[in-house]
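Asker: input.txt is the file, holding compact mmCIF, C-alpha atoms (C1' of nucleotides):
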# COMPACT_ATOMS: atom_id res chain seq x y z
CA MET C 1 23.50 26.08 -27.24
CA ALA C 2 24.39 28.91 -29.63
CA THR C 3 21.00 29.41 -31.19
CA GLN C 4 21.14 33.17 -30.92
CA PRO C 5 24.01 35.63 -30.71
CA GLU C 6 23.57 36.73 -27.14
CA GLN C 7 26.31 37.30 -24.65
CA ALA C 8 25.40 40.20 -22.48
CA GLY C 9 23.06 41.49 -25.14
CA ARG C 10 19.78 40.01 -24.00
CA ARG C 11 19.67 41.88 -20.76
CA ARG C 12 16.42 43.48 -19.76
CA ASP C 13 14.27 41.79 -22.40
CA SER C 14 11.30 40.22 -20.71
CA ALA C 15 9.84 38.79 -23.91
CA ALA C 16 13.05 36.95 -24.74
CA THR C 17 13.32 35.75 -21.16
CA GLN C 18 9.82 34.33 -21.20
CA ARG C 19 10.49 32.66 -24.53
CA ALA C 20 13.70 31.15 -23.21
CA LEU C 21 11.84 29.79 -20.20
CA LEU C 22 9.09 28.32 -22.36
CA ASP C 23 11.60 26.69 -24.70
CA ALA C 24 13.64 25.26 -21.86
CA ALA C 25 10.54 24.03 -20.07
CA ALA C 26 9.17 22.38 -23.22
CA LYS C 27 12.44 20.57 -23.75
CA LEU C 28 12.86 19.39 -20.19
CA PHE C 29 9.22 18.45 -19.58
CA ALA C 30 9.35 16.33 -22.73
CA GLU C 31 12.60 14.68 -21.72
CA ARG C 32 12.05 14.09 -18.03
CA GLY C 33 8.39 14.66 -17.31
CA PHE C 34 6.79 17.17 -15.03
CA ASP C 35 7.79 15.74 -11.67
CA ARG C 36 11.42 15.14 -12.51
CA THR C 37 11.97 18.57 -13.97
CA THR C 38 12.81 21.18 -11.35
CA VAL C 39 12.36 24.90 -11.68
CA ARG C 40 16.10 25.22 -11.13
CA ASP C 41 16.71 22.94 -14.11
CA ILE C 42 14.46 25.03 -16.30
CA ALA C 43 15.98 28.33 -15.25
CA GLY C 44 19.46 26.90 -15.70
CA GLN C 45 18.70 25.57 -19.16
CA ALA C 46 17.23 28.94 -20.11
CA GLY C 47 20.17 30.83 -18.60
CA VAL C 48 17.79 32.79 -16.47
CA ASN C 49 17.40 33.41 -12.76
CA GLN C 50 14.80 31.07 -11.39
CA ALA C 51 12.95 33.84 -9.59
CA LEU C 52 11.96 35.19 -12.99
CA LEU C 53 10.11 31.98 -13.68
CA PHE C 54 7.76 32.80 -10.85
CA ARG C 55 7.55 36.45 -11.78
CA TYR C 56 6.42 35.67 -15.33
CA PHE C 57 4.45 32.48 -14.88
CA GLY C 58 3.47 32.35 -11.23
CA SER C 59 4.13 28.69 -10.60
CA LYS C 60 5.62 25.57 -12.10
CA ASP C 61 2.10 24.31 -12.86
CA ALA C 62 1.25 27.49 -14.71
CA LEU C 63 4.46 27.30 -16.72
CA PHE C 64 3.58 23.79 -17.80
CA GLU C 65 0.14 25.02 -18.76
CA ALA C 66 1.73 27.78 -20.81
CA VAL C 67 3.97 25.30 -22.63
CA LEU C 68 1.04 23.12 -23.62
CA ALA C 69 -1.04 26.12 -24.58
CA ARG C 70 1.71 27.47 -26.82
CA ASP C 71 2.87 24.28 -28.52
CA GLY C 72 -0.06 21.92 -28.15
CA ARG C 73 -2.40 23.58 -30.56
CA GLU C 74 0.19 24.32 -33.19
CA GLN C 75 -0.11 21.11 -35.16
CA LEU C 76 -3.81 20.97 -34.45
CA ALA C 77 -4.33 24.33 -36.13
CA THR C 78 -2.12 23.75 -39.13
CA THR C 79 -3.07 20.22 -40.19
CA PRO C 80 -6.16 19.07 -42.13
CA PRO C 81 -8.18 16.40 -40.27
CA GLU C 82 -7.37 13.51 -42.62
CA ARG C 83 -3.68 14.04 -42.05
CA LEU C 84 -3.77 14.81 -38.33
CA PHE C 85 -3.22 11.25 -37.25
CA SER C 86 -0.39 10.45 -39.61
CA ALA C 87 1.16 13.89 -39.16
CA SER C 88 1.18 13.49 -35.38
CA LEU C 89 2.60 10.02 -35.75
CA ARG C 90 5.33 11.16 -38.11
CA SER C 91 6.14 14.20 -36.01
CA MET C 92 6.51 11.92 -33.04
CA LEU C 93 8.72 9.51 -34.94
CA ALA C 94 10.96 12.19 -36.41
CA PRO C 95 14.60 12.17 -35.33
CA GLU C 96 15.94 14.56 -32.75
CA GLY C 97 15.64 18.19 -33.60
CA PRO C 98 13.27 21.10 -33.24
CA ARG C 99 10.24 18.90 -33.68
CA ASN C 100 7.07 19.34 -31.73
CA ARG C 101 7.48 17.31 -28.55
CA THR C 102 4.19 18.28 -26.97
CA LEU C 103 2.97 14.74 -27.01
CA GLU C 104 5.90 13.58 -24.97
CA ALA C 105 5.53 16.40 -22.48
CA TYR C 106 1.88 15.52 -22.29
CA LEU C 107 2.32 11.91 -21.44
CA ARG C 108 5.44 12.40 -19.40
CA SER C 109 3.46 14.52 -17.04
CA SER C 110 0.32 12.48 -16.67
CA GLY C 111 -0.70 12.48 -13.09
CA SER C 112 -0.20 16.12 -12.43
CA ASP C 113 -3.15 17.86 -10.92
CA GLY C 114 -4.15 21.46 -10.95
CA ALA C 115 -4.14 23.69 -13.96
CA ALA C 116 -1.84 21.42 -15.93
CA ALA C 117 -4.41 18.64 -15.84
CA ALA C 118 -7.11 20.95 -17.15
CA ILE C 119 -5.23 22.10 -20.23
CA ARG C 120 -3.99 18.58 -20.85
CA GLN C 121 -7.56 17.37 -20.96
CA GLU C 122 -8.64 20.24 -23.16
CA ILE C 123 -5.99 19.54 -25.79
CA GLY C 124 -6.82 15.85 -25.74
CA GLU C 125 -10.46 16.70 -26.37
CA GLU C 126 -9.59 18.84 -29.35
CA TYR C 127 -7.46 16.15 -30.95
CA ALA C 128 -10.16 13.55 -30.43
CA ARG C 129 -12.86 15.82 -31.78
CA VAL C 130 -10.96 16.26 -35.01
CA LEU C 131 -10.18 12.57 -35.35
CA ALA C 132 -13.81 11.69 -34.71
CA THR C 133 -14.79 13.46 -37.94
CA LEU C 134 -12.93 10.79 -39.90
CA THR C 135 -15.57 8.11 -39.47
CA ASP C 136 -19.32 7.91 -39.81
CA GLU C 137 -19.73 5.07 -37.36
CA PRO C 138 -21.98 5.84 -34.40
CA ASP C 139 -19.16 5.29 -31.91
CA ALA C 140 -16.88 7.80 -33.62
CA GLY C 141 -15.82 9.34 -30.34
CA LEU C 142 -14.67 6.06 -28.91
CA ARG C 143 -12.84 5.17 -32.11
CA ALA C 144 -11.06 8.50 -32.07
CA ASP C 145 -10.04 8.01 -28.45
CA LEU C 146 -8.63 4.60 -29.27
CA ALA C 147 -6.61 6.02 -32.14
CA LEU C 148 -5.32 8.78 -29.92
CA ALA C 149 -4.49 6.23 -27.26
CA TRP C 150 -2.39 4.35 -29.76
CA LEU C 151 -0.41 7.48 -30.54
CA MET C 152 0.20 8.00 -26.86
CA GLY C 153 1.21 4.41 -26.33
CA ILE C 154 3.68 4.43 -29.19
CA ALA C 155 5.22 7.64 -27.89
CA LEU C 156 5.39 6.13 -24.44
CA VAL C 157 7.06 2.89 -25.46
CA ARG C 158 9.39 4.58 -27.92
CA GLU C 159 10.53 7.66 -26.13
CA VAL C 160 10.05 6.83 -22.50
CA SER C 161 10.67 3.12 -22.28
CA GLY C 162 13.00 3.06 -25.26
CA LYS C 163 11.89 -0.47 -26.03
CA GLU C 164 13.42 -2.21 -29.02
CA PRO C 165 12.64 -2.91 -31.77
CA LEU C 166 10.03 -0.16 -31.68
CA ALA C 167 12.38 2.58 -30.51
CA GLY C 168 14.78 2.05 -33.36
CA ALA C 169 12.33 1.10 -36.08
CA ASP C 170 12.02 2.92 -39.38
CA PRO C 171 9.25 5.53 -39.18
CA ASP C 172 7.96 4.38 -42.56
CA ASP C 173 7.51 0.83 -41.34
CA ILE C 174 5.70 1.99 -38.23
CA CYS C 175 3.42 4.28 -40.21
CA ARG C 176 2.53 1.55 -42.64
CA LEU C 177 1.58 -0.92 -39.93
CA VAL C 178 -0.24 1.56 -37.75
CA LEU C 179 -2.15 3.29 -40.52
CA THR C 180 -3.27 -0.01 -41.99
CA ALA C 181 -4.66 -1.10 -38.65
CA THR C 182 -6.08 2.30 -37.86
CA ARG C 183 -8.15 2.35 -41.01
CA THR C 184 -10.50 -0.16 -39.45
CA LEU C 185 -11.14 2.51 -36.83
CA LEU C 186 -11.07 5.68 -38.90
CA GLU C 187 -11.81 4.97 -42.54
CA ARG C 188 -10.81 8.34 -43.87
CA ALA C 189 -7.46 8.58 -42.15
CA GLU C 190 -4.62 8.87 -44.62
CA MET Y 1 -9.86 -1.42 4.87
CA ALA Y 2 -11.04 -4.42 6.90
CA THR Y 3 -9.56 -7.14 4.76
CA GLN Y 4 -8.17 -9.10 7.65
CA PRO Y 5 -9.10 -9.26 11.32
CA GLU Y 6 -6.06 -7.63 12.80
CA GLN Y 7 -6.02 -5.18 15.62
CA ALA Y 8 -3.00 -5.82 17.75
CA GLY Y 9 -2.76 -9.36 16.44
CA ARG Y 10 -0.34 -8.99 13.58
CA ARG Y 11 2.52 -7.84 15.68
CA ARG Y 12 5.92 -9.34 15.06
CA ASP Y 13 5.05 -11.01 11.76
CA SER Y 14 7.61 -10.02 9.19
CA ALA Y 15 5.98 -11.95 6.34
CA ALA Y 16 2.65 -10.19 6.87
CA THR Y 17 4.41 -6.85 7.17
CA GLN Y 18 6.22 -7.33 3.89
CA ARG Y 19 2.99 -8.40 2.22
CA ALA Y 20 1.20 -5.34 3.57
CA LEU Y 21 3.95 -3.11 2.22
CA LEU Y 22 3.86 -4.76 -1.20
CA ASP Y 23 0.07 -4.48 -1.38
CA ALA Y 24 0.08 -0.86 -0.32
CA ALA Y 25 2.89 -0.02 -2.71
CA ALA Y 26 1.17 -1.74 -5.63
CA LYS Y 27 -2.00 0.21 -4.98
CA LEU Y 28 -0.35 3.58 -4.57
CA PHE Y 29 2.14 3.21 -7.42
CA ALA Y 30 -0.77 2.34 -9.72
CA GLU Y 31 -2.84 5.27 -8.51
CA ARG Y 32 -0.25 8.00 -8.29
CA GLY Y 33 2.85 6.80 -10.07
CA PHE Y 34 6.30 6.26 -8.66
CA ASP Y 35 7.35 9.85 -8.12
CA ARG Y 36 4.18 10.98 -6.42
CA THR Y 37 4.06 8.10 -4.03
CA THR Y 38 6.15 8.66 -0.89
CA VAL Y 39 7.52 5.99 1.39
CA ARG Y 40 5.50 7.58 4.16
CA ASP Y 41 2.34 7.13 2.10
CA ILE Y 42 3.13 3.48 1.56
CA ALA Y 43 3.96 2.79 5.17
CA GLY Y 44 0.85 4.64 6.29
CA GLN Y 45 -1.39 2.75 3.90
CA ALA Y 46 0.14 -0.51 5.09
CA GLY Y 47 -0.16 0.48 8.74
CA VAL Y 48 3.52 -0.11 9.20
CA ASN Y 49 6.43 1.95 10.40
CA GLN Y 50 8.25 3.35 7.42
CA ALA Y 51 11.64 2.26 8.69
CA LEU Y 52 10.52 -1.33 8.09
CA LEU Y 53 10.17 -0.55 4.40
CA PHE Y 54 13.89 0.04 4.23
CA ARG Y 55 14.69 -2.91 6.46
CA TYR Y 56 12.82 -5.33 4.22
CA PHE Y 57 13.31 -3.82 0.79
CA GLY Y 58 16.33 -1.56 1.06
CA SER Y 59 15.02 1.36 -0.95
CA LYS Y 60 11.94 2.77 -2.62
CA ASP Y 61 13.35 1.70 -5.98
CA ALA Y 62 13.82 -1.86 -4.78
CA LEU Y 63 10.28 -1.94 -3.40
CA PHE Y 64 8.96 -0.90 -6.78
CA GLU Y 65 11.03 -3.60 -8.37
CA ALA Y 66 9.59 -6.13 -5.93
CA VAL Y 67 6.05 -5.05 -6.76
CA LEU Y 68 6.59 -5.51 -10.48
CA ALA Y 69 8.39 -8.78 -9.93
CA ARG Y 70 5.56 -10.14 -7.81
CA ASP Y 71 2.56 -8.97 -9.83
CA GLY Y 72 3.95 -8.33 -13.29
CA ARG Y 73 4.65 -11.89 -14.24
CA GLU Y 74 1.46 -13.28 -12.79
CA GLN Y 75 -0.71 -12.84 -15.85
CA LEU Y 76 2.21 -13.57 -18.11
CA ALA Y 77 2.68 -16.97 -16.51
CA THR Y 78 -0.97 -17.97 -16.35
CA THR Y 79 -2.24 -16.94 -19.79
CA PRO Y 80 -1.78 -18.74 -23.12
CA PRO Y 81 -0.17 -16.54 -25.79
CA GLU Y 82 -3.25 -16.19 -28.00
CA ARG Y 83 -5.20 -14.78 -25.08
CA LEU Y 84 -2.49 -12.62 -23.57
CA PHE Y 85 -3.45 -9.49 -25.47
CA SER Y 86 -7.17 -9.69 -24.87
CA ALA Y 87 -6.70 -10.88 -21.29
CA SER Y 88 -4.44 -7.95 -20.51
CA LEU Y 89 -6.88 -5.61 -22.19
CA ARG Y 90 -9.83 -7.00 -20.28
CA SER Y 91 -7.94 -7.03 -17.00
CA MET Y 92 -7.10 -3.41 -17.56
CA LEU Y 93 -10.67 -2.52 -18.39
CA ALA Y 94 -12.17 -4.37 -15.45
CA PRO Y 95 -13.96 -2.27 -12.86
CA GLU Y 96 -12.35 -1.34 -9.56
CA GLY Y 97 -11.41 -4.21 -7.36
CA PRO Y 98 -8.55 -6.57 -6.70
CA ARG Y 99 -7.56 -6.67 -10.35
CA ASN Y 100 -4.03 -6.67 -11.57
CA ARG Y 101 -2.94 -3.05 -11.85
CA THR Y 102 0.63 -3.74 -12.86
CA LEU Y 103 0.16 -2.06 -16.19
CA GLU Y 104 -0.88 1.16 -14.55
CA ALA Y 105 1.97 1.07 -12.09
CA TYR Y 106 4.26 0.40 -15.03
CA LEU Y 107 3.22 3.37 -17.10
CA ARG Y 108 2.63 5.64 -14.16
CA SER Y 109 6.23 5.29 -13.28
CA SER Y 110 7.85 5.65 -16.67
CA GLY Y 111 10.89 7.78 -16.36
CA SER Y 112 12.27 6.27 -13.23
CA ASP Y 113 15.84 5.19 -13.43
CA GLY Y 114 17.74 2.60 -11.51
CA ALA Y 115 16.56 -0.86 -10.72
CA ALA Y 116 12.95 0.02 -11.40
CA ALA Y 117 13.75 0.83 -15.00
CA ALA Y 118 15.55 -2.47 -15.45
CA ILE Y 119 12.70 -4.66 -14.29
CA ARG Y 120 10.22 -2.54 -16.18
CA GLN Y 121 12.13 -3.17 -19.36
CA GLU Y 122 12.46 -6.85 -18.61
CA ILE Y 123 8.73 -7.35 -18.15
CA GLY Y 124 8.02 -5.38 -21.29
CA GLU Y 125 10.39 -7.63 -23.21
CA GLU Y 126 8.65 -10.74 -21.93
CA TYR Y 127 5.22 -9.48 -22.95
CA ALA Y 128 6.45 -8.52 -26.39
CA ARG Y 129 8.23 -11.82 -26.88
CA VAL Y 130 5.02 -13.73 -26.23
CA LEU Y 131 2.96 -11.45 -28.47
CA ALA Y 132 5.51 -11.79 -31.26
CA THR Y 133 4.75 -15.51 -31.51
CA LEU Y 134 1.28 -14.64 -32.77
CA THR Y 135 2.36 -13.68 -36.26
CA ASP Y 136 4.62 -15.15 -38.91
CA GLU Y 137 5.46 -11.84 -40.53
CA PRO Y 138 9.17 -10.97 -40.58
CA ASP Y 139 8.65 -7.84 -38.49
CA ALA Y 140 6.90 -9.77 -35.72
CA GLY Y 141 8.85 -7.98 -33.01
CA LEU Y 142 7.79 -4.57 -34.23
CA ARG Y 143 4.19 -5.67 -34.59
CA ALA Y 144 4.20 -7.00 -31.04
CA ASP Y 145 5.64 -3.74 -29.73
CA LEU Y 146 2.94 -1.78 -31.50
CA ALA Y 147 0.24 -3.96 -29.98
CA LEU Y 148 1.78 -3.56 -26.56
CA ALA Y 149 2.00 0.17 -27.12
CA TRP Y 150 -1.72 0.26 -27.80
CA LEU Y 151 -2.41 -1.46 -24.52
CA MET Y 152 -0.27 1.08 -22.72
CA GLY Y 153 -1.92 3.97 -24.50
CA ILE Y 154 -5.41 2.80 -23.69
CA ALA Y 155 -4.46 2.36 -20.04
CA LEU Y 156 -2.91 5.81 -20.08
CA VAL Y 157 -5.85 7.61 -21.61
CA ARG Y 158 -8.39 5.69 -19.58
CA GLU Y 159 -6.91 5.54 -16.14
CA VAL Y 160 -4.57 8.48 -16.04
CA SER Y 161 -6.20 11.06 -18.24
CA GLY Y 162 -9.71 9.78 -17.60
CA LYS Y 163 -10.70 10.93 -21.07
CA GLU Y 164 -14.29 10.40 -22.16
CA PRO Y 165 -15.77 8.58 -23.93
CA LEU Y 166 -12.95 6.05 -23.60
CA ALA Y 167 -12.80 6.10 -19.82
CA GLY Y 168 -16.45 5.24 -19.43
CA ALA Y 169 -16.88 2.98 -22.44
CA ASP Y 170 -18.13 -0.58 -22.25
CA PRO Y 171 -15.18 -2.99 -22.09
CA ASP Y 172 -16.90 -5.19 -24.68
CA ASP Y 173 -17.08 -2.35 -27.19
CA ILE Y 174 -13.44 -1.48 -26.65
CA CYS Y 175 -12.33 -5.08 -27.00
CA ARG Y 176 -14.27 -5.51 -30.21
CA LEU Y 177 -12.78 -2.44 -31.85
CA VAL Y 178 -9.26 -3.01 -30.64
CA LEU Y 179 -9.12 -6.71 -31.39
CA THR Y 180 -10.48 -6.19 -34.88
CA ALA Y 181 -7.78 -3.65 -35.64
CA THR Y 182 -5.10 -5.64 -33.89
CA ARG Y 183 -5.70 -8.67 -36.03
CA THR Y 184 -4.01 -6.91 -38.93
CA LEU Y 185 -0.95 -6.85 -36.69
CA LEU Y 186 -1.18 -10.19 -34.94
CA GLU Y 187 -3.25 -12.65 -36.94
CA ARG Y 188 -3.57 -15.26 -34.25
CA ALA Y 189 -4.67 -12.94 -31.46
CA GLU Y 190 -8.07 -13.87 -30.09
C1' DT F 1 18.99 64.62 -15.57
C1' DC F 2 16.18 62.68 -12.51
C1' DC F 3 12.56 59.42 -11.13
C1' DG F 4 9.68 55.52 -11.10
C1' DA F 5 8.75 51.25 -13.05
C1' DT F 6 10.64 47.20 -14.98
C1' DT F 7 14.11 43.50 -15.16
C1' DG F 8 17.66 40.72 -13.12
C1' DT F 9 20.08 38.69 -8.80
C1' DA F 10 21.28 36.52 -4.37
C1' DA F 11 19.88 34.45 -0.55
C1' DG F 12 17.04 31.85 2.04
C1' DC F 13 12.51 29.92 4.07
C1' DG F 14 9.59 26.20 5.29
C1' DA F 15 8.11 21.92 3.84
C1' DC F 16 8.97 17.51 2.21
C1' DT F 17 11.93 13.78 0.38
C1' DG F 18 14.38 9.09 0.93
C1' DC F 19 16.85 7.08 4.28
C1' DT F 20 19.40 6.11 8.93
C1' DT F 21 20.08 5.49 13.66
C1' DA F 22 19.37 4.33 18.42
C1' DC F 23 16.46 1.95 21.08
C1' DA F 24 12.37 -0.57 23.11
C1' DA F 25 9.32 -4.58 22.88
C1' DC F 26 8.82 -9.11 21.95
C1' DG F 27 9.31 -14.19 21.43
C1' DC F 28 11.98 -18.25 20.75
C1' DT F 29 15.49 -21.38 22.61
C1' DA F 30 18.47 -23.27 26.00
C1' DT H 1 14.13 -17.62 33.34
C1' DA H 2 18.14 -15.68 31.15
C1' DG H 3 19.96 -14.47 26.88
C1' DC H 4 19.70 -13.13 22.14
C1' DG H 5 18.18 -12.35 17.62
C1' DT H 6 14.08 -10.48 15.42
C1' DT H 7 10.45 -7.05 14.89
C1' DG H 8 8.55 -2.55 15.71
C1' DT H 9 9.14 2.57 17.00
C1' DA H 10 10.54 7.43 17.44
C1' DA H 11 13.36 10.79 16.09
C1' DG H 12 16.08 13.05 13.09
C1' DC H 13 19.62 13.95 9.23
C1' DA H 14 21.03 15.83 4.90
C1' DG H 15 19.44 17.11 0.69
C1' DT H 16 16.06 18.98 -2.51
C1' DC H 17 11.76 21.00 -3.60
C1' DG H 18 8.68 25.14 -5.03
C1' DC H 19 8.50 29.59 -3.93
C1' DT H 20 9.43 34.36 -1.65
C1' DT H 21 11.82 38.32 -0.35
C1' DA H 22 14.96 42.17 -0.36
C1' DC H 23 17.71 44.49 -3.24
C1' DA H 24 20.74 46.02 -7.30
C1' DA H 25 20.94 47.23 -12.16
C1' DT H 26 18.84 49.19 -15.98
C1' DC H 27 15.73 51.56 -18.94
C1' DG H 28 12.18 55.00 -20.80
C1' DG H 29 9.63 59.17 -20.20
C1' DA H 30 9.40 63.78 -17.89
Since I need it in another form, could you write the structure as structure tokens?

Answerer:
Amino acid sequence: MATQPEQAGRRRDSAATQRALLDAAAKLFAERGFDRTTVRDIAGQAGVNQALLFRYFGSKDALFEAVLARDGREQLATTPPERLFSASLRSMLAPEGPRNRTLEAYLRSSGSDGAAAAIRQEIGEEYARVLATLTDEPDAGLRADLALAWLMGIALVREVSGKEPLAGADPDDICRLVLTATRTLLERAE
Amino acid sequence: MATQPEQAGRRRDSAATQRALLDAAAKLFAERGFDRTTVRDIAGQAGVNQALLFRYFGSKDALFEAVLARDGREQLATTPPERLFSASLRSMLAPEGPRNRTLEAYLRSSGSDGAAAAIRQEIGEEYARVLATLTDEPDAGLRADLALAWLMGIALVREVSGKEPLAGADPDDICRLVLTATRTLLERAE
DNA sequence: TCCGATTGTAAGCGACTGCTTACAACGCTA
DNA sequence: TAGCGTTGTAAGCAGTCGCTTACAATCGGA
């Protein structure tokens, strides 16, 4: 709420406005999904007139694309391959806060068409490509997809369905079980 | 399209009308998700006036609930515990046809509130409870949730994202990889 | 200081949503 | 065959959606 000291001080700052819209959109898309997040919600959360959303991003689809483009590759670019799986898992399991919620936005919005679908697919490909380097088996691509699918499923059940005991389980316990099982898929995953 | 010989012959048959609505709703919810399926779509697909949807089911939420209640417990009731995981996996991987698409409807609609959310949770609980009987470990519930999450994730990546190579992979290959890894979670899973 | 471009605002448009209502057609029973 | 409850239909209501437009406020460069 009071992340930055701004009362009437952020007026006429397009960069800050765009950032506020991206932040608000990332939060709401992750929480509610694409369909159930309205442009009015986003603008309201960002404290910005909703017309500016269309001025700076063109459409709701394009804004979603921008969110994934900004946040989606962050972890991908800053994590070594062996740790990508466990890092994504841990990031997903981390308690509320400024964590990277791209995964949730991703799966919350499955079913969208248009530009959003394209970038979603692209990011998925990149993750899988990295994970596929962790095994020498001939079906490395399939194994990587299955590992990625597990990540998505855990995020889905935990964050979206809120199913217990998974939703409230200790991240360490989950990591231990998942990584043990995953090692039969990707031998070099940490 | 031409499943039953009915031109002007099915008039004034409330049972058939309700069945047509349930079938159409199951198909569309699985394909597009809850939010992106409109009551007009459902009524159109069923060849039924949309007002009848509300007469017989009360609301779109209640119709979704009815779909899950009708189809969701089918496999649960007819499959022995040891085979539930692999049967669900195989059912999900089966080619197009009159297969049970409850899982897709389920995950496609994550995020809905109301009655739909309640029955969704209930069915998830029942699946997990059965899967939890397949291990003697103390954290059986968590292990079952993780297995269930994998199912959901695979369905998500395959059917919703359509990601290759997973989407086009041989069901036998997928089953082999998944079941091998799953056995570290649920020892008695087939 | 003035001007043009940029940034923010208010209002609303057309389309679509879930849902309701008023009514016609029909078929069973007496 | 008259009456009545059930089934099907057409039309529309109120609200929300993404998006657009017309305009005011503000700033930097001349």

Asker: For CA of Leu142 (chain Y) and CA of Leu166 (chain C), determine how far apart the two atoms are, in Å to one decimal place.

Answerer: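 Calculated distance between CA of Leu142 (chain Y) and CA of Leu166 (chain C) is 5.6 Å.
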
Asker: For region 18-27 of chain H, find every residue with an atom within 8 Å (counting only C-alpha atoms (C1' of nucleotides)), except residues of its own chain fewer than 2 positions away, and show them as a list in words.

Answerer: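 Those residues are Arg12, Val39, Phe54 and Lys60 of chain C; DT6, DT7, DG8, DT9 and DC13 of chain F.
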
Asker: Would you kindly return, as a compact mmCIF listing (two decimals) with C-alpha atoms (C1' of nucleotides), in the coordinates of the input, each protein, DNA or RNA residue with an atom no farther than 12 Å from any atom of DT20 (chain F), considering only C-alpha atoms (C1' of nucleotides) and excluding same-chain residues fewer than 3 positions away?

Answerer:
# COMPACT_ATOMS: atom_id res chain seq x y z
CA GLN Y 50 8.25 3.35 7.42
CA ALA Y 51 11.64 2.26 8.69
CA LEU Y 52 10.52 -1.33 8.09
CA PHE Y 54 13.89 0.04 4.23
CA ARG Y 55 14.69 -2.91 6.46
CA GLY Y 58 16.33 -1.56 1.06
CA SER Y 59 15.02 1.36 -0.95
C1' DA H 11 13.36 10.79 16.09
C1' DG H 12 16.08 13.05 13.09
C1' DC H 13 19.62 13.95 9.23
C1' DA H 14 21.03 15.83 4.90

Asker: Can you list, as a PyMOL selection string, every protein, DNA or RNA residue that comes within 12 Å of DC28 (chain F) when you count only C-alpha atoms (C1' of nucleotides), leaving out same-chain residues fewer than 6 positions away?

Answerer: chain H and resi 3-6

Asker: Mind giving me the straight-line distance from CA of Val48 (chain Y) to CA of Ala16 (chain Y) in Å, one decimal?

Answerer: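 Between CA of Val48 (chain Y) and CA of Ala16 (chain Y) the gap works out to 10.4 Å.
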
Asker: Compute the chain F side of the contact with chain Y at 9 Å, counting all atoms listed in the file, and hand it back as an NGL selection string.

Answerer: :F and (17-20 or 26-27)

Asker: Give as a count of residues only every residue of chain Y that touches chain C within 10 Å, counting only C-alpha atoms.

Answerer: 59

Asker: Should the cut-off be 8 Å, what would the residue list for chain H against chain Y look like, counting all atoms listed in the file, as a list in words?

Answerer: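 Those within range of chain Y come out as DT7, DG8 and DT9 of chain H.
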
Asker: Can you tell me, as an NGL selection string, what residues are no more than 12 Å from Arg70 (chain Y) when counting all atoms listed in the file, ignoring any on the same chain fewer than 2 positions away?

Answerer: :Y and (19 or 22-23 or 25-26 or 63-68 or 72-77 or 100-102 or 119 or 123)

Asker: Draw an axis-aligned box tight on the listed atoms of region 10-27 of chain F, then pad every side by 8 Å and write out centre and edge lengths in Å to one decimal as AutoDock Vina command-line options.

Answerer:
--center_x 14.7 --center_y 11.2 --center_z 9.4 --size_x 29.2 --size_y 66.7 --size_z 43.5

Asker: Give me, please, the distance in Å between CA of Glu187 (chain Y) and CA of Thr135 (chain Y), quoted to one decimal.

Answerer: 5.7 Å

Asker: Which one of Y:Leu21, Y:Glu137, Y:Gly47, Y:Leu131 sits closest to Ser86 (chain Y) if you count all atoms listed in the file?

Answerer: Y:Leu131
